[in-house]
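What follows is coords_27.pdb (PDB, C-alpha atoms).
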ATOM      1  CA  MET A   5     -41.564  -1.194  -7.415
ATOM      2  CA  ILE A   6     -38.518  -0.935  -5.232
ATOM      3  CA  ALA A   7     -36.642   2.246  -4.453
ATOM      4  CA  ASP A   8     -33.679   3.020  -2.246
ATOM      5  CA  ILE A   9     -34.161   6.209  -0.188
ATOM      6  CA  VAL A  10     -31.101   7.706   1.508
ATOM      7  CA  PRO A  11     -31.296  10.867   3.633
ATOM      8  CA  TYR A  12     -28.168  12.965   3.209
ATOM      9  CA  GLU A  13     -27.074  14.688   6.411
ATOM     10  CA  ASP A  14     -28.738  18.119   6.513
ATOM     11  CA  GLY A  15     -29.594  17.734   2.828
ATOM     12  CA  PRO A  16     -32.022  16.062   0.451
ATOM     13  CA  LEU A  17     -33.452  12.574   0.267
ATOM     14  CA  ILE A  18     -31.749  10.702  -2.569
ATOM     15  CA  VAL A  19     -34.188   8.300  -4.230
ATOM     16  CA  ARG A  20     -32.835   5.629  -6.592
ATOM     17  CA  GLY A  21     -34.572   2.801  -8.361
ATOM     18  CA  ASP A  22     -38.067   2.102  -9.615
ATOM     19  CA  PHE A  23     -40.435   4.709  -8.165
ATOM     20  CA  GLU A  24     -43.222   7.149  -8.962
ATOM     21  CA  LEU A  25     -43.701  10.647  -7.568
ATOM     22  CA  HIS A  26     -47.128  12.214  -7.049
ATOM     23  CA  THR A  27     -48.433  15.596  -5.917
ATOM     24  CA  PRO A  28     -50.631  15.689  -2.792
ATOM     25  CA  ASP A  29     -53.592  15.694  -5.225
ATOM     26  CA  GLY A  30     -52.408  12.437  -6.798
ATOM     27  CA  GLU A  31     -51.081  13.903 -10.046
ATOM     28  CA  ARG A  32     -48.018  12.040 -11.292
ATOM     29  CA  ILE A  33     -44.723  13.955 -11.458
ATOM     30  CA  ASP A  34     -42.291  12.751 -14.127
ATOM     31  CA  PRO A  35     -38.811  12.946 -12.585
ATOM     32  CA  GLY A  36     -37.165  12.353 -15.945
ATOM     33  CA  ARG A  37     -34.575   9.992 -14.445
ATOM     34  CA  GLY A  38     -34.097   7.031 -12.118
ATOM     35  CA  THR A  39     -32.273   8.970  -9.380
ATOM     36  CA  VAL A  40     -33.570  12.197  -7.847
ATOM     37  CA  ALA A  41     -32.803  14.438  -4.883
ATOM     38  CA  LEU A  42     -35.958  15.442  -2.987
ATOM     39  CA  CYS A  43     -36.031  18.633  -0.941
ATOM     40  CA  ARG A  44     -36.221  18.275   2.844
ATOM     41  CA  CYS A  45     -35.696  21.905   3.808
ATOM     42  CA  GLY A  46     -38.931  23.051   2.174
ATOM     43  CA  ARG A  47     -37.314  26.054   0.485
ATOM     44  CA  SER A  48     -36.340  24.729  -2.944
ATOM     45  CA  ALA A  49     -37.544  26.737  -5.939
ATOM     46  CA  VAL A  50     -38.046  23.478  -7.867
ATOM     47  CA  LYS A  51     -40.013  21.429  -5.312
ATOM     48  CA  PRO A  52     -40.269  18.564  -4.806
ATOM     49  CA  PHE A  53     -36.700  18.431  -6.108
ATOM     50  CA  CYS A  54     -33.652  19.796  -4.298
ATOM     51  CA  ASP A  55     -31.920  22.856  -5.739
ATOM     52  CA  GLY A  56     -29.226  23.189  -3.069
ATOM     53  CA  THR A  57     -31.043  25.877  -1.054
ATOM     54  CA  HIS A  58     -30.564  23.799   2.119
ATOM     55  CA  LYS A  59     -26.920  24.921   2.137
ATOM     56  CA  ALA A  60     -27.784  28.632   1.918
ATOM     57  CA  VAL A  61     -30.396  28.408   4.699
ATOM     58  CA  ARG A  62     -28.174  26.137   6.816
ATOM     59  CA  PHE A  63     -30.886  23.486   7.091
ATOM     60  CA  LYS A  64     -30.377  21.080   9.976
ATOM     61  CA  ALA A  65     -32.392  17.883   9.756
ATOM     62  CA  GLY A  66     -34.388  17.022  12.832
ATOM     63  CA  THR A  67     -33.873  20.241  14.779
ATOM     64  CA  GLY A  68     -37.386  21.596  14.193
ATOM     65  CA  ARG A  69     -35.984  25.109  13.630
ATOM     66  CA  GLU A  70     -36.430  25.116   9.869
ATOM     67  CA  THR A  71     -39.438  24.751   7.618
ATOM     68  CA  PRO A  72     -40.795  21.211   7.993
ATOM     69  CA  ALA A  73     -39.827  18.720   5.318
ATOM     70  CA  PRO A  74     -42.467  17.787   2.779
ATOM     71  CA  ARG A  75     -44.550  14.711   3.571
ATOM     72  CA  LEU A  76     -43.223  11.534   1.950
ATOM     73  CA  SER A  77     -45.262   8.399   1.546
ATOM     74  CA  VAL A  78     -44.140   5.171  -0.039
ATOM     75  CA  ALA A  79     -46.850   3.101  -1.658
ATOM     76  CA  ASP A  80     -46.629  -0.551  -2.583
ATOM     77  CA  LEU A  81     -47.704  -0.160  -6.204
ATOM     78  CA  GLU A  82     -47.435  -3.886  -6.940
ATOM     79  CA  ALA A  83     -50.397  -4.486  -4.614
ATOM     80  CA  GLN A  84     -52.639  -2.190  -6.684
TER      81      GLN A  84
END
Final structure tokens representation of the file:
Amino acid sequence: MIADIVPYEDGPLIVRGDFELHTPDGERIDPGRGTVALCRCGRSAVKPFCDGTHKAVRFKAGTGRETPAPRLSVADLEAQ
């Protein structure tokens, strides 16, 4: 599986390609599409997906002043 992950300035992570999403407990999340925007501000009402809340809360990536971004791990699923 190969995915392209692009952080948008002060916004979500855009994930495109062949990927799987899982909860911290390992449960698979069906994104319903091949491109998704993942929340980095931590305040989305539809986590792990972005709902645009980062604009309202004036999220600034990397400043440490906002709620920490959710943990993201990329697994090499071909090796499993």
The PyMOL selection byres ((chain A and resi 15) around 8) applied to the shown file, residues as a short mmCIF file (atom, residue, chain, number, x, y, z; two decimals) with C-alpha atoms, in the coordinates of the input:
data_model
loop_
_atom_site.label_atom_id
_atom_site.label_comp_id
_atom_site.auth_asym_id
_atom_site.auth_seq_id
_atom_site.Cartn_x
_atom_site.Cartn_y
_atom_site.Cartn_z
CA PRO A 11 -31.30 10.87 3.63
CA TYR A 12 -28.17 12.96 3.21
CA GLU A 13 -27.07 14.69 6.41
CA ASP A 14 -28.74 18.12 6.51
CA PRO A 16 -32.02 16.06 0.45
CA LEU A 17 -33.45 12.57 0.27
CA CYS A 43 -36.03 18.63 -0.94
CA ARG A 44 -36.22 18.27 2.84
CA CYS A 45 -35.70 21.90 3.81
CA HIS A 58 -30.56 23.80 2.12
CA LYS A 59 -26.92 24.92 2.14
CA PHE A 63 -30.89 23.49 7.09
CA LYS A 64 -30.38 21.08 9.98
CA ALA A 65 -32.39 17.88 9.76
#
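A straight line drawn from CA of Gly36 (chain A) to CA of Arg62 (chain A) is 28.1 Å long.
For the residues A:Gly56, A:Gly30, A:Gly38, A:Gly66, ranking by smallest atom-to-atom distance to Ile6 (chain A) using all atoms listed in the file places A:Gly38 first.
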Fill in: Interatomic distance (Å, one decimal) between CA of Arg32 (chain A) and CA of Gly46 (chain A)
19.6 Å
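Counting from CA of Glu24 (chain A), the distance to CA of Ala60 (chain A) is 28.6 Å.
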